[in-house]
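Raw contents of coords.txt, compact mmCIF, C-alpha atoms:
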# COMPACT_ATOMS: atom_id res chain seq x y z
CA MET A 242 1.55 -46.63 -47.51
CA LEU A 243 0.81 -49.48 -49.97
CA GLN A 244 3.91 -50.97 -51.61
CA THR A 245 4.27 -53.64 -54.27
CA PHE A 246 7.07 -55.93 -55.46
CA ASP A 247 7.42 -59.00 -57.68
CA CYS A 248 7.31 -62.39 -55.97
CA PRO A 249 10.80 -63.95 -56.27
CA LYS A 250 9.23 -67.40 -56.77
CA CYS A 251 6.51 -66.85 -59.42
CA GLY A 252 6.92 -63.21 -60.48
CA ALA A 253 3.38 -62.20 -59.47
CA PRO A 254 2.75 -58.72 -57.97
CA VAL A 255 2.65 -58.73 -54.16
CA SER A 256 1.33 -55.81 -52.11
CA TYR A 257 1.96 -54.93 -48.47
CA GLN A 258 1.33 -52.04 -46.11
CA LYS A 259 4.60 -50.38 -45.14
CA ASP A 260 4.80 -49.27 -41.51
CA VAL A 261 6.72 -46.29 -40.13
CA VAL A 262 9.77 -48.44 -39.36
CA GLY A 263 9.74 -50.45 -42.58
CA ALA A 264 11.84 -53.31 -41.22
CA ASN A 265 11.36 -57.08 -40.98
CA LEU A 266 8.00 -56.98 -42.77
CA THR A 267 6.51 -60.08 -44.34
CA ALA A 268 3.86 -60.64 -47.00
CA ARG A 269 2.25 -63.58 -48.77
CA CYS A 270 1.97 -64.05 -52.54
CA SER A 271 -1.67 -64.58 -53.52
CA TYR A 272 -0.63 -66.62 -56.57
CA CYS A 273 1.93 -69.15 -55.29
CA ASN A 274 1.07 -68.74 -51.57
CA SER A 275 4.74 -68.27 -50.61
CA ALA A 276 5.60 -66.46 -47.38
CA LEU A 277 7.97 -63.61 -48.27
CA SER A 278 10.19 -61.09 -46.57
CA VAL A 279 9.58 -57.74 -48.25
CA PRO A 280 12.45 -55.80 -49.88
CA ASP A 281 14.52 -53.51 -47.69
CA GLU A 282 15.29 -50.38 -49.72
CA MET A 283 17.71 -49.04 -47.11
CA LEU A 284 19.90 -52.15 -47.24
CA GLY A 285 19.34 -52.91 -50.92
CA ARG A 286 17.95 -56.32 -50.02
CA PRO A 287 15.42 -57.85 -52.46
CA ALA A 288 12.32 -59.79 -51.44
CA GLN A 289 13.10 -63.32 -50.29
CA ILE A 290 11.15 -66.52 -49.73
CA ILE A 291 10.84 -67.46 -46.07
CA SER A 292 11.49 -71.20 -45.98
CA THR A 293 13.33 -72.09 -42.79
CA VAL A 294 14.12 -70.67 -39.39
CA ASN A 295 17.59 -71.45 -38.07
CA ILE A 296 18.33 -71.44 -34.35
CA ASP A 297 22.03 -71.10 -33.52
CA LEU A 298 23.01 -72.18 -30.00
CA ARG A 299 26.74 -72.24 -30.65
CA ASN A 300 27.39 -68.85 -29.06
CA ALA A 301 25.14 -69.35 -26.06
CA ALA A 302 26.65 -69.14 -22.58
CA PRO A 303 27.57 -72.60 -21.11
CA GLY A 304 25.03 -72.45 -18.31
CA ARG A 305 22.24 -71.32 -20.54
CA SER A 306 23.15 -73.92 -23.16
CA ALA A 307 22.91 -76.72 -20.58
CA VAL A 308 19.53 -75.45 -19.43
CA LYS A 309 18.29 -75.33 -23.04
CA TRP A 310 19.40 -78.89 -23.69
CA LEU A 311 17.71 -80.11 -20.48
CA LEU A 312 14.51 -78.35 -21.49
CA LEU A 313 14.73 -79.88 -24.96
CA VAL A 314 15.21 -83.39 -23.59
CA GLY A 315 12.31 -82.88 -21.19
CA LEU A 316 10.00 -81.61 -23.93
CA ILE A 317 10.55 -84.55 -26.29
CA PRO A 318 8.20 -86.93 -24.39
CA VAL A 319 5.59 -84.18 -24.08
CA ILE A 320 5.73 -83.50 -27.81
CA GLY A 321 5.38 -87.24 -28.47
CA VAL A 322 2.26 -87.43 -26.33
CA ILE A 323 0.74 -84.42 -28.11
CA ILE A 324 1.42 -85.95 -31.54
CA ALA A 325 -0.12 -89.24 -30.43
CA VAL A 326 -3.24 -87.47 -29.16
CA ILE A 327 -3.60 -85.52 -32.41
CA ALA A 328 -3.13 -88.65 -34.50
CA THR A 329 -5.65 -90.58 -32.41
CA GLY A 330 -8.09 -87.69 -32.66
CA GLY A 331 -7.74 -87.66 -36.42
CA LEU A 332 -8.48 -91.39 -36.59
CA LEU A 333 -11.44 -91.19 -34.25
CA ALA A 334 -12.89 -87.93 -35.55
CA PRO A 335 -15.12 -89.60 -38.18
CA LEU A 336 -16.88 -91.53 -35.41
CA PHE A 337 -18.13 -88.27 -33.93
CA ARG A 338 -19.17 -86.56 -37.16
CA GLY A 339 -22.11 -88.70 -38.12
CA ASN A 340 -22.46 -90.04 -41.64
CA PRO A 341 -19.51 -89.28 -43.92
CA ALA A 342 -19.92 -87.39 -47.17
CA PRO A 343 -20.39 -89.53 -50.30
CA ALA A 344 -17.21 -90.43 -52.14
CA LEU A 345 -16.41 -88.45 -55.25
CA THR A 346 -15.94 -89.92 -58.69
CA ARG A 347 -12.39 -89.01 -59.60
CA SER A 348 -11.24 -89.25 -63.21
CA THR A 349 -7.92 -90.89 -63.94
CA PRO A 350 -5.63 -89.62 -66.74
CA SER A 351 -6.53 -92.63 -68.90
CA GLY A 352 -10.19 -91.64 -68.79
CA GLY A 353 -11.39 -94.37 -66.44
CA THR A 354 -12.96 -93.63 -63.07
CA ALA A 355 -12.04 -94.81 -59.61
CA ARG A 356 -14.27 -94.63 -56.57
CA ARG A 357 -12.46 -93.30 -53.55
CA GLU A 358 -13.17 -91.54 -50.29
CA ASP A 359 -12.03 -88.00 -51.03
CA LYS A 360 -10.89 -85.32 -48.63
CA VAL A 361 -13.41 -82.93 -50.19
CA LYS A 362 -16.35 -83.01 -47.79
CA SER A 363 -19.86 -81.66 -47.97
CA ASP A 364 -20.96 -78.80 -45.79
CA SER A 365 -24.37 -77.18 -45.34
CA PHE A 366 -23.97 -75.15 -48.54
CA ALA A 367 -21.67 -76.93 -51.01
CA THR A 368 -21.81 -80.61 -52.01
CA PRO A 369 -18.83 -82.06 -53.94
CA LEU A 370 -19.73 -83.75 -57.22
CA LEU A 371 -16.45 -84.26 -59.05
CA SER A 372 -12.71 -83.99 -58.50
CA PHE A 373 -9.94 -84.69 -60.96
CA GLY A 374 -6.27 -83.90 -61.44
CA SER A 375 -3.02 -84.25 -59.54
CA GLU A 376 0.46 -82.72 -59.46
CA GLY A 377 2.31 -83.32 -62.70
CA ILE A 378 2.67 -82.60 -66.41
CA GLY A 379 0.90 -85.62 -67.89
CA PRO A 380 -2.61 -85.71 -69.37
CA GLY A 381 -5.13 -84.77 -66.68
CA MET A 382 -2.40 -83.50 -64.36
CA PHE A 383 -1.61 -79.89 -63.48
CA LYS A 384 1.30 -77.78 -62.28
CA ASP A 385 -0.43 -74.42 -61.79
CA ALA A 386 -4.04 -74.41 -63.01
CA ARG A 387 -5.57 -70.98 -62.40
CA ALA A 388 -8.03 -70.53 -65.28
CA ILE A 389 -11.13 -72.58 -66.04
CA ALA A 390 -13.99 -72.32 -68.53
CA VAL A 391 -17.01 -74.41 -69.56
CA ASP A 392 -18.85 -74.30 -72.89
CA ALA A 393 -22.50 -75.08 -73.63
CA SER A 394 -21.77 -78.77 -74.29
CA GLY A 395 -20.20 -79.12 -70.84
CA LYS A 396 -16.59 -79.43 -72.01
CA ILE A 397 -14.16 -78.17 -69.38
CA TYR A 398 -11.11 -76.12 -70.34
CA VAL A 399 -8.29 -75.71 -67.81
CA GLY A 400 -5.43 -73.27 -68.38
CA GLU A 401 -2.14 -73.14 -66.50
CA TYR A 402 -0.62 -69.84 -65.41
CA SER A 403 2.82 -70.65 -66.80
CA GLY A 404 3.79 -72.86 -69.72
CA GLY A 405 0.74 -72.01 -71.84
CA ARG A 406 -0.91 -75.43 -71.57
CA ILE A 407 -4.71 -75.69 -71.96
CA GLN A 408 -6.29 -79.09 -71.36
CA VAL A 409 -9.77 -80.11 -72.51
CA PHE A 410 -12.00 -82.54 -70.57
CA ASP A 411 -15.46 -83.96 -71.10
CA PRO A 412 -18.22 -83.15 -68.55
CA ALA A 413 -17.16 -86.14 -66.41
CA GLY A 414 -13.55 -84.94 -66.19
CA LYS A 415 -12.15 -87.39 -68.77
CA PHE A 416 -9.13 -86.00 -70.60
CA ILE A 417 -9.78 -85.31 -74.29
CA THR A 418 -6.84 -83.30 -75.61
CA GLN A 419 -4.51 -80.41 -74.91
CA TRP A 420 -2.95 -77.55 -76.83
CA ILE A 421 -0.36 -74.87 -76.12
CA VAL A 422 -0.61 -71.10 -76.36
CA ASP A 423 2.43 -68.86 -75.78
CA PRO A 424 4.59 -70.95 -73.39
CA LYS A 425 6.73 -67.98 -72.33
CA MET A 426 4.04 -65.64 -71.01
CA PRO A 427 1.67 -66.02 -68.02
CA LEU A 428 -1.94 -66.86 -68.82
CA THR A 429 -3.93 -64.32 -66.77
CA GLY A 430 -7.46 -64.82 -68.08
CA MET A 431 -9.57 -67.32 -70.02
CA ALA A 432 -13.22 -67.75 -71.01
CA ALA A 433 -15.32 -69.91 -73.33
CA ASP A 434 -18.36 -68.95 -75.35
CA ARG A 435 -21.25 -71.34 -75.89
CA GLY A 436 -19.88 -72.59 -79.19
CA GLY A 437 -16.53 -73.63 -77.77
CA THR A 438 -14.43 -70.65 -78.82
CA ILE A 439 -11.78 -69.98 -76.17
CA TYR A 440 -10.55 -66.49 -75.33
CA VAL A 441 -7.10 -66.34 -73.74
CA VAL A 442 -5.41 -63.32 -72.14
CA GLN A 443 -1.61 -63.28 -72.45
CA SER A 444 0.87 -60.40 -72.71
CA GLY A 445 -2.03 -57.99 -72.26
CA ALA A 446 -3.72 -59.17 -75.49
CA ILE A 447 -6.83 -61.30 -76.07
CA SER A 448 -6.54 -64.17 -78.55
CA ARG A 449 -9.31 -66.43 -79.86
CA TYR A 450 -8.82 -70.17 -80.31
CA GLU A 451 -10.87 -73.09 -81.53
CA GLY A 452 -11.44 -75.03 -78.33
CA ALA A 453 -11.41 -78.49 -79.88
CA SER A 454 -8.07 -78.08 -81.66
CA GLY A 455 -6.34 -74.98 -80.30
CA LYS A 456 -6.32 -73.38 -83.76
CA LEU A 457 -5.63 -69.65 -83.50
CA LEU A 458 -8.55 -67.63 -84.83
CA GLY A 459 -7.07 -64.16 -84.33
CA GLN A 460 -6.83 -61.40 -81.74
CA LEU A 461 -9.34 -58.84 -80.53
CA GLY A 462 -8.44 -55.34 -81.62
CA TYR A 463 -8.55 -52.40 -79.23
CA PRO A 464 -7.51 -48.81 -80.02
CA GLY A 465 -5.76 -48.51 -76.65
CA GLY A 466 -3.50 -51.45 -77.47
CA TRP A 467 -2.32 -54.14 -75.07
CA GLY A 468 -3.18 -54.10 -71.36
CA PHE A 469 -5.92 -56.68 -70.80
CA ASP A 470 -5.92 -58.74 -67.61
CA ASP A 471 -9.16 -60.78 -67.40
CA ILE A 472 -12.18 -61.74 -69.51
CA ARG A 473 -15.69 -63.16 -69.12
CA VAL A 474 -18.38 -64.10 -71.65
CA ALA A 475 -21.85 -62.72 -70.94
CA ALA A 476 -25.08 -64.64 -71.56
CA ASP A 477 -25.64 -62.83 -74.87
CA GLY A 478 -22.19 -63.79 -76.14
CA SER A 479 -20.63 -60.37 -75.55
CA LEU A 480 -17.31 -60.04 -73.73
CA VAL A 481 -16.48 -58.19 -70.51
CA THR A 482 -12.77 -57.49 -70.04
CA SER A 483 -10.52 -55.60 -67.63
CA TRP A 484 -7.77 -53.32 -68.98
CA TYR A 485 -4.97 -51.82 -66.88
CA LYS A 486 -2.45 -50.15 -69.21
CA ASN A 487 -3.17 -46.52 -68.38
CA ARG A 488 -5.99 -46.92 -65.85
CA ASP A 489 -8.39 -49.53 -64.52
CA ASP A 490 -10.92 -49.67 -67.37
CA ILE A 491 -13.55 -52.22 -68.26
CA VAL A 492 -13.97 -52.77 -72.00
CA ARG A 493 -17.00 -54.48 -73.55
CA PHE A 494 -16.91 -56.24 -76.91
CA ASN A 495 -19.88 -57.64 -78.82
CA SER A 496 -19.95 -61.28 -79.88
CA SER A 497 -18.18 -60.34 -83.14
CA GLY A 498 -15.24 -58.82 -81.26
CA ALA A 499 -16.03 -55.14 -81.84
CA VAL A 500 -15.69 -52.63 -78.99
CA VAL A 501 -19.10 -51.38 -77.87
CA ARG A 502 -18.29 -49.61 -74.58
CA THR A 503 -15.31 -48.49 -72.51
CA MET A 504 -15.93 -47.87 -68.80
CA ARG A 505 -13.07 -45.65 -67.68
CA ALA A 506 -11.27 -45.85 -64.32
CA VAL A 507 -14.02 -47.96 -62.79
CA ILE A 508 -12.23 -48.55 -59.48
CA SER A 509 -9.84 -45.61 -59.14
CA SER A 510 -12.68 -43.16 -59.79
CA VAL A 511 -14.37 -44.54 -56.67
CA THR A 512 -11.33 -45.12 -54.42
CA ASP A 513 -8.89 -42.46 -55.74
CA ASN A 514 -6.26 -45.24 -55.84
CA ALA A 515 -5.05 -46.97 -58.99
CA GLU A 516 -6.03 -50.65 -59.28
CA LEU A 517 -3.49 -52.81 -61.11
CA ASP A 518 -5.14 -56.24 -60.79
CA THR A 519 -8.84 -56.40 -61.66
CA HIS A 520 -10.89 -59.58 -62.12
CA VAL A 521 -14.34 -59.38 -63.70
CA ALA A 522 -17.64 -61.26 -63.65
CA VAL A 523 -21.04 -60.66 -65.23
CA ASP A 524 -24.50 -61.89 -64.20
CA GLY A 525 -27.41 -63.01 -66.36
CA LEU A 526 -28.83 -59.48 -66.52
CA GLY A 527 -25.57 -58.00 -67.72
CA ASN A 528 -24.53 -56.38 -64.44
CA ILE A 529 -20.74 -56.24 -64.14
CA TYR A 530 -18.70 -56.98 -61.02
CA ALA A 531 -15.06 -55.88 -60.77
CA LEU A 532 -12.88 -57.41 -58.05
CA GLY A 533 -9.96 -55.16 -57.13
CA SER A 534 -7.19 -57.31 -55.66
CA PHE A 535 -5.31 -54.28 -54.33
CA SER A 536 -8.53 -52.57 -53.17
CA ASN A 537 -9.84 -55.74 -51.46
CA ALA A 538 -13.35 -54.87 -52.65
CA VAL A 539 -15.96 -55.69 -55.29
CA PHE A 540 -17.47 -52.89 -57.41
CA LYS A 541 -20.83 -53.38 -59.14
CA PHE A 542 -21.94 -51.63 -62.34
CA THR A 543 -25.08 -51.69 -64.47
CA PRO A 544 -24.86 -53.12 -68.01
CA ASP A 545 -24.45 -49.59 -69.39
CA GLY A 546 -21.56 -48.86 -67.03
CA LYS A 547 -23.21 -46.91 -64.23
CA TYR A 548 -21.61 -47.44 -60.82
CA GLN A 549 -24.01 -48.96 -58.28
CA THR A 550 -22.24 -50.10 -55.13
CA ARG A 551 -19.11 -51.61 -53.60
CA PHE A 552 -18.63 -54.21 -50.88
CA GLY A 553 -15.75 -55.80 -49.03
CA SER A 554 -12.64 -54.37 -47.39
CA ASP A 555 -9.25 -55.48 -46.14
CA GLY A 556 -9.57 -57.81 -43.14
CA ASP A 557 -10.27 -61.27 -41.82
CA GLN A 558 -13.90 -60.85 -40.74
CA PRO A 559 -16.82 -62.31 -42.74
CA GLY A 560 -17.36 -60.17 -45.81
CA GLN A 561 -13.78 -58.86 -45.77
CA PHE A 562 -11.00 -60.04 -48.07
CA ARG A 563 -7.40 -61.09 -47.65
CA ALA A 564 -5.63 -61.48 -51.02
CA PRO A 565 -8.75 -62.15 -53.14
CA SER A 566 -7.96 -64.02 -56.34
CA ALA A 567 -11.14 -64.85 -58.29
CA ILE A 568 -14.79 -63.84 -58.71
CA ALA A 569 -17.84 -65.50 -60.30
CA VAL A 570 -21.63 -65.02 -60.33
CA ASP A 571 -24.15 -67.88 -60.32
CA GLY A 572 -27.53 -68.17 -62.00
CA ASN A 573 -29.26 -66.68 -58.96
CA GLY A 574 -27.13 -63.55 -59.02
CA ARG A 575 -25.04 -64.54 -56.01
CA VAL A 576 -21.44 -63.34 -56.08
CA TYR A 577 -18.54 -65.66 -55.14
CA VAL A 578 -15.14 -64.30 -54.12
CA SER A 579 -12.19 -66.54 -53.23
CA ASP A 580 -9.42 -65.57 -50.83
CA PHE A 581 -7.35 -67.17 -48.02
CA LYS A 582 -10.50 -67.88 -45.98
CA GLY A 583 -12.17 -69.87 -48.74
CA ILE A 584 -14.98 -68.81 -51.07
CA GLN A 585 -17.26 -66.14 -49.63
CA VAL A 586 -20.79 -65.77 -51.01
CA PHE A 587 -22.77 -62.51 -51.28
CA ASP A 588 -26.11 -61.54 -52.75
CA GLY A 589 -26.16 -59.26 -55.78
CA ASN A 590 -26.12 -56.15 -53.59
CA GLY A 591 -23.12 -57.24 -51.55
CA ARG A 592 -24.82 -58.68 -48.45
CA TYR A 593 -22.66 -61.42 -46.97
CA LEU A 594 -24.38 -64.83 -47.00
CA THR A 595 -21.93 -67.63 -46.20
CA VAL A 596 -18.49 -69.13 -46.86
CA PHE A 597 -17.31 -72.59 -47.88
CA ASN A 598 -13.82 -74.03 -47.96
CA PRO A 599 -12.75 -76.25 -50.86
CA PRO A 600 -9.23 -77.66 -50.59
CA GLY A 601 -6.48 -75.51 -52.03
CA THR A 602 -6.75 -71.97 -53.37
CA ALA A 603 -9.62 -71.30 -55.76
CA SER A 604 -7.65 -69.41 -58.41
CA GLY A 605 -10.37 -69.74 -61.05
CA MET A 606 -14.15 -70.24 -60.84
CA VAL A 607 -16.93 -70.67 -63.40
CA PHE A 608 -20.57 -71.88 -63.45
CA ASN A 609 -22.24 -74.20 -65.96
CA ASP A 610 -25.86 -74.10 -67.14
CA SER A 611 -26.91 -76.30 -64.20
CA ASN A 612 -25.63 -73.67 -61.74
CA GLU A 613 -22.80 -75.93 -60.58
CA ILE A 614 -19.47 -74.33 -59.78
CA PHE A 615 -16.14 -75.50 -61.21
CA ILE A 616 -12.98 -74.50 -59.37
CA ALA A 617 -9.39 -74.54 -60.61
CA ALA A 618 -7.19 -75.07 -57.55
CA ARG A 619 -3.62 -75.26 -58.86
CA ASN A 620 -3.25 -79.07 -59.19
CA GLN A 621 -6.88 -80.19 -59.31
CA VAL A 622 -10.34 -79.28 -60.55
CA LEU A 623 -13.36 -79.46 -58.25
CA LYS A 624 -17.08 -79.35 -58.99
CA PHE A 625 -19.80 -78.56 -56.42
CA SER A 626 -23.56 -78.25 -56.36
CA LEU A 627 -24.76 -75.40 -54.18
CA LYS A 628 -27.72 -75.05 -51.86
CA GLU A 629 -30.35 -72.35 -52.12
CA LEU A 630 -30.15 -69.77 -49.35
CA ALA A 631 -33.07 -67.94 -47.80
CA ASN A 632 -33.14 -64.20 -48.39
Take the structure from the file and write it as structure tokens.
Amino acid sequence: MLQTFDCPKCGAPVSYQKDVVGANLTARCSYCNSALSVPDEMLGRPAQIISTVNIDLRNAAPGRSAVKWLLLVGLIPVIGVIIAVIATGGLLAPLFRGNPAPALTRSTPSGGTARREDKVKSDSFATPLLSFGSEGIGPGMFKDARAIAVDASGKIYVGEYSGGRIQVFDPAGKFITQWIVDPKMPLTGMAADRGGTIYVVQSGAISRYEGASGKLLGQLGYPGGWGFDDIRVAADGSLVTSWYKNRDDIVRFNSSGAVVRTMRAVISSVTDNAELDTHVAVDGLGNIYALGSFSNAVFKFTPDGKYQTRFGSDGDQPGQFRAPSAIAVDGNGRVYVSDFKGIQVFDGNGRYLTVFNPPGTASGMVFNDSNEIFIAARNQVLKFSLKELAN
């Protein structure tokens, strides 16, 4: 039976499958990546972060204790040899890999650039173009960047999950400015239209801001009230949003902010299970993709809301998902889903194509007009060009 609880570190919802015993279960938060022990209802114990493992030898029998200490002393040289081999292998590995990937241009907070050999490497599908950001609260630094958007001029907007900070960068990753939305509420969704208007989802509501200044332009009205979770801007300027208050709906607004369609229970009507965490994407033809984090699947709909297909399931095999966190669609109609394995790529009908592994967790993804992907990965932003794949 599927259970959920709030992560004691970041407050995000965490789901796990309860077994018949229900004891000593663990789970992992898809937002802060913390390993957790699940709550024990029988003992009244809340969920806890698993940080250390303590081994107590004080009560061991004398003979067994002596044996353990002898084994420990004997293993120390072996462990040293293993560490030396691993370190040597890491130093020599580049000699066996052929030509290294080109260094990235990494923006510094002051706006200058520094050439460096980055850990982000090319693979057969994704080539790194840009990387900027580091851990911190200064300009160009991030604490928990999970939302990212790009407007038609190439400006990059990066939103942090907590604290309400949105930073603005030029196309090369140079810091321009920042502004603050509600600092007390998590930022769960963000999108930019072509003119630089930014849509932010907080407290279940959608607010519009002037991207250059952060000036509040108002909120989108919806008869059902609060309950929005994610948002994307379609090619025609309309908005695709997910709503979870009473059921897992998808609501479409036109470019003026008026409701034009409500797609009711888009996931639960297919699975018979309520979906409480839905991320959305839309392709150039207006087809809508809904990623159900609890369902571990993607659901595809036509522009007028007709269900077409689903793909993905819970698991670790190619095409399966483990704690998926973001979805995006490129200019070729390929669908990108991030989870613990990396970013998996599918064609528009759900056929698995490939996977690539940027550093960190891709909590937010968006494409620009050049079909390059931007990734928000908690304390950095990454940009890749992507290879064409044969059908």
*Between atom CA of A:Leu623 and atom CA of A:Arg406, what is the distance, to one decimal in Å?*
18.7 Å
*Which residue out of A:Met504, A:Ile407, A:Val279, A:Leu370 has the minimum interatomic distance to A:Phe625 when only C-alpha atoms are used?*
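Counting only C-alpha atoms, the residue closest to A:Phe625 is A:Leu370.
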*Hey, can you check how far atom CA of A:Ser534 sits from atom CA of A:Leu627?*
25.3 Å
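The space between atom CA of A:Asn537 and atom CA of A:Gly560 spans 10.4 Å.
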*From the set A:Pro424, A:Gly466, A:Gly546, A:Gly452, which residue has the shortest atom-to-atom contact distance to A:Val481, counting all atoms listed in the file?*
A:Gly546
_Could you check the closest approach to A:Val409 for each of A:Gly436, A:Pro380, A:Pro427, A:Gly591 and tell me which residue wins, using all atoms listed in the file?_
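That would be A:Pro380, the residue with the smallest distance to A:Val409.
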*Counting all atoms listed in the file, figure out which residue out of A:Phe597, A:Tyr450, A:Phe535, A:Phe540 gets nearest to A:Val511.*
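Of all the options, A:Phe540 lies closest to A:Val511.
Proximity to A:Ile389 was assessed for A:Ser403, A:Ser256, A:Arg619, A:Gly455 counting all atoms listed in the file; the smallest distance is recorded for A:Arg619.
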*So which one's closest to A:Asn612, A:Gly400, A:Ala367, A:Phe373, A:Met431? Using all atoms listed in the file, please.*
A:Ala367
Neighbouring residues of A:Asn590 were defined as those with any atom within 9 Å, considering all atoms listed in the file; residues of the same chain fewer than 6 positions away were excluded. Please report them as a short mmCIF file (atom, residue, chain, number, x, y, z; two decimals) with C-alpha atoms, in the frame of the given file.
data_model
loop_
_atom_site.label_atom_id
_atom_site.label_comp_id
_atom_site.auth_asym_id
_atom_site.auth_seq_id
_atom_site.Cartn_x
_atom_site.Cartn_y
_atom_site.Cartn_z
CA LYS A 541 -20.83 -53.38 -59.14
CA GLN A 549 -24.01 -48.96 -58.28
CA THR A 550 -22.24 -50.10 -55.13
CA ARG A 551 -19.11 -51.61 -53.60
CA PHE A 552 -18.63 -54.21 -50.88
CA ARG A 575 -25.04 -64.54 -56.01
CA VAL A 576 -21.44 -63.34 -56.08
#
First collect every listed atom of stretch 548-566 of chain A; then fit an axis-aligned box around them, widen it by 6 Å on each side, and give centre and edge lengths in Å to one decimal, as AutoDock Vina command-line options.
--center_x -14.8 --center_y -55.7 --center_z -50.8 --size_x 30.4 --size_y 28.6 --size_z 32.1
*9 Å contact set for A:Asp518, only C-alpha atoms, chain neighbours under 3 positions out, as a list in words*: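 Neighbouring residues, sequence-local ones excluded: Pro254, Asp470, Asp471, Ser483, Tyr485, Asp489, Leu532, Gly533, Ser534 and Phe535 of chain A.
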Report as a PDB file with C-alpha atoms, in the coordinates of the input all protein, DNA and RNA residues lying within 12 Å of A:Ile378, evaluated on all atoms listed in the file, omitting residues in the same chain fewer than 4 positions from it.
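Contents of the output file around34.pdb:
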ATOM      1  CA  PRO A 350      -5.630 -89.620 -66.740  1.00  0.00           C
ATOM      2  CA  GLY A 374      -6.270 -83.900 -61.440  1.00  0.00           C
ATOM      3  CA  MET A 382      -2.400 -83.500 -64.360  1.00  0.00           C
ATOM      4  CA  PHE A 383      -1.610 -79.890 -63.480  1.00  0.00           C
ATOM      5  CA  LYS A 384       1.300 -77.780 -62.280  1.00  0.00           C
ATOM      6  CA  ASP A 385      -0.430 -74.420 -61.790  1.00  0.00           C
ATOM      7  CA  ALA A 386      -4.040 -74.410 -63.010  1.00  0.00           C
ATOM      8  CA  GLU A 401      -2.140 -73.140 -66.500  1.00  0.00           C
ATOM      9  CA  SER A 403       2.820 -70.650 -66.800  1.00  0.00           C
ATOM     10  CA  GLY A 404       3.790 -72.860 -69.720  1.00  0.00           C
ATOM     11  CA  ARG A 406      -0.910 -75.430 -71.570  1.00  0.00           C
ATOM     12  CA  ILE A 407      -4.710 -75.690 -71.960  1.00  0.00           C
ATOM     13  CA  GLN A 408      -6.290 -79.090 -71.360  1.00  0.00           C
ATOM     14  CA  GLN A 419      -4.510 -80.410 -74.910  1.00  0.00           C
ATOM     15  CA  ASN A 620      -3.250 -79.070 -59.190  1.00  0.00           C
TER      16      ASN A 620
END
With a distance cut-off of 12 Å and all atoms listed in the file, select the neighbouring residues of A:Arg505, excluding the residue or stretch itself and same-chain residues fewer than 2 positions from it, and output the selection as a short mmCIF file (atom, residue, chain, number, x, y, z; two decimals) with C-alpha atoms, in the coordinates of the input.
data_model
loop_
_atom_site.label_atom_id
_atom_site.label_comp_id
_atom_site.auth_asym_id
_atom_site.auth_seq_id
_atom_site.Cartn_x
_atom_site.Cartn_y
_atom_site.Cartn_z
CA GLY A 465 -5.76 -48.51 -76.65
CA SER A 483 -10.52 -55.60 -67.63
CA TRP A 484 -7.77 -53.32 -68.98
CA TYR A 485 -4.97 -51.82 -66.88
CA LYS A 486 -2.45 -50.15 -69.21
CA ASN A 487 -3.17 -46.52 -68.38
CA ARG A 488 -5.99 -46.92 -65.85
CA ASP A 489 -8.39 -49.53 -64.52
CA ASP A 490 -10.92 -49.67 -67.37
CA ILE A 491 -13.55 -52.22 -68.26
CA VAL A 492 -13.97 -52.77 -72.00
CA ARG A 493 -17.00 -54.48 -73.55
CA ARG A 502 -18.29 -49.61 -74.58
CA THR A 503 -15.31 -48.49 -72.51
CA VAL A 507 -14.02 -47.96 -62.79
CA ILE A 508 -12.23 -48.55 -59.48
CA SER A 509 -9.84 -45.61 -59.14
CA SER A 510 -12.68 -43.16 -59.79
CA VAL A 511 -14.37 -44.54 -56.67
CA ALA A 515 -5.05 -46.97 -58.99
CA PHE A 542 -21.94 -51.63 -62.34
CA GLY A 546 -21.56 -48.86 -67.03
CA LYS A 547 -23.21 -46.91 -64.23
CA TYR A 548 -21.61 -47.44 -60.82
#
N, CA and C atoms restored at stretch 512-519 of chain A, emitted as an mmCIF file, in the coordinates of the input:
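As written to disk, rebuild-v9.cif reads:
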data_model
loop_
_atom_site.group_PDB
_atom_site.id
_atom_site.type_symbol
_atom_site.label_atom_id
_atom_site.label_comp_id
_atom_site.auth_asym_id
_atom_site.auth_seq_id
_atom_site.Cartn_x
_atom_site.Cartn_y
_atom_site.Cartn_z
ATOM 1 N N THR A 512 -12.248 -45.029 -55.570
ATOM 2 C CA THR A 512 -11.330 -45.120 -54.420
ATOM 3 C C THR A 512 -10.239 -44.059 -54.419
ATOM 4 N N ASP A 513 -9.999 -43.409 -55.566
ATOM 5 C CA ASP A 513 -8.890 -42.460 -55.740
ATOM 6 C C ASP A 513 -7.528 -43.146 -55.711
ATOM 7 N N ASN A 514 -7.508 -44.480 -55.800
ATOM 8 C CA ASN A 514 -6.260 -45.240 -55.840
ATOM 9 C C ASN A 514 -6.258 -46.123 -57.083
ATOM 10 N N ALA A 515 -5.140 -46.161 -57.781
ATOM 11 C CA ALA A 515 -5.050 -46.970 -58.990
ATOM 12 C C ALA A 515 -5.161 -48.453 -58.643
ATOM 13 N N GLU A 516 -5.879 -49.207 -59.458
ATOM 14 C CA GLU A 516 -6.030 -50.650 -59.280
ATOM 15 C C GLU A 516 -5.315 -51.342 -60.426
ATOM 16 N N LEU A 517 -4.328 -52.179 -60.097
ATOM 17 C CA LEU A 517 -3.490 -52.810 -61.110
ATOM 18 C C LEU A 517 -3.848 -54.258 -61.376
ATOM 19 N N ASP A 518 -4.797 -54.817 -60.634
ATOM 20 C CA ASP A 518 -5.140 -56.240 -60.790
ATOM 21 C C ASP A 518 -6.639 -56.396 -60.599
ATOM 22 N N THR A 519 -7.376 -56.367 -61.699
ATOM 23 C CA THR A 519 -8.840 -56.400 -61.660
ATOM 24 C C THR A 519 -9.358 -57.676 -62.311
#
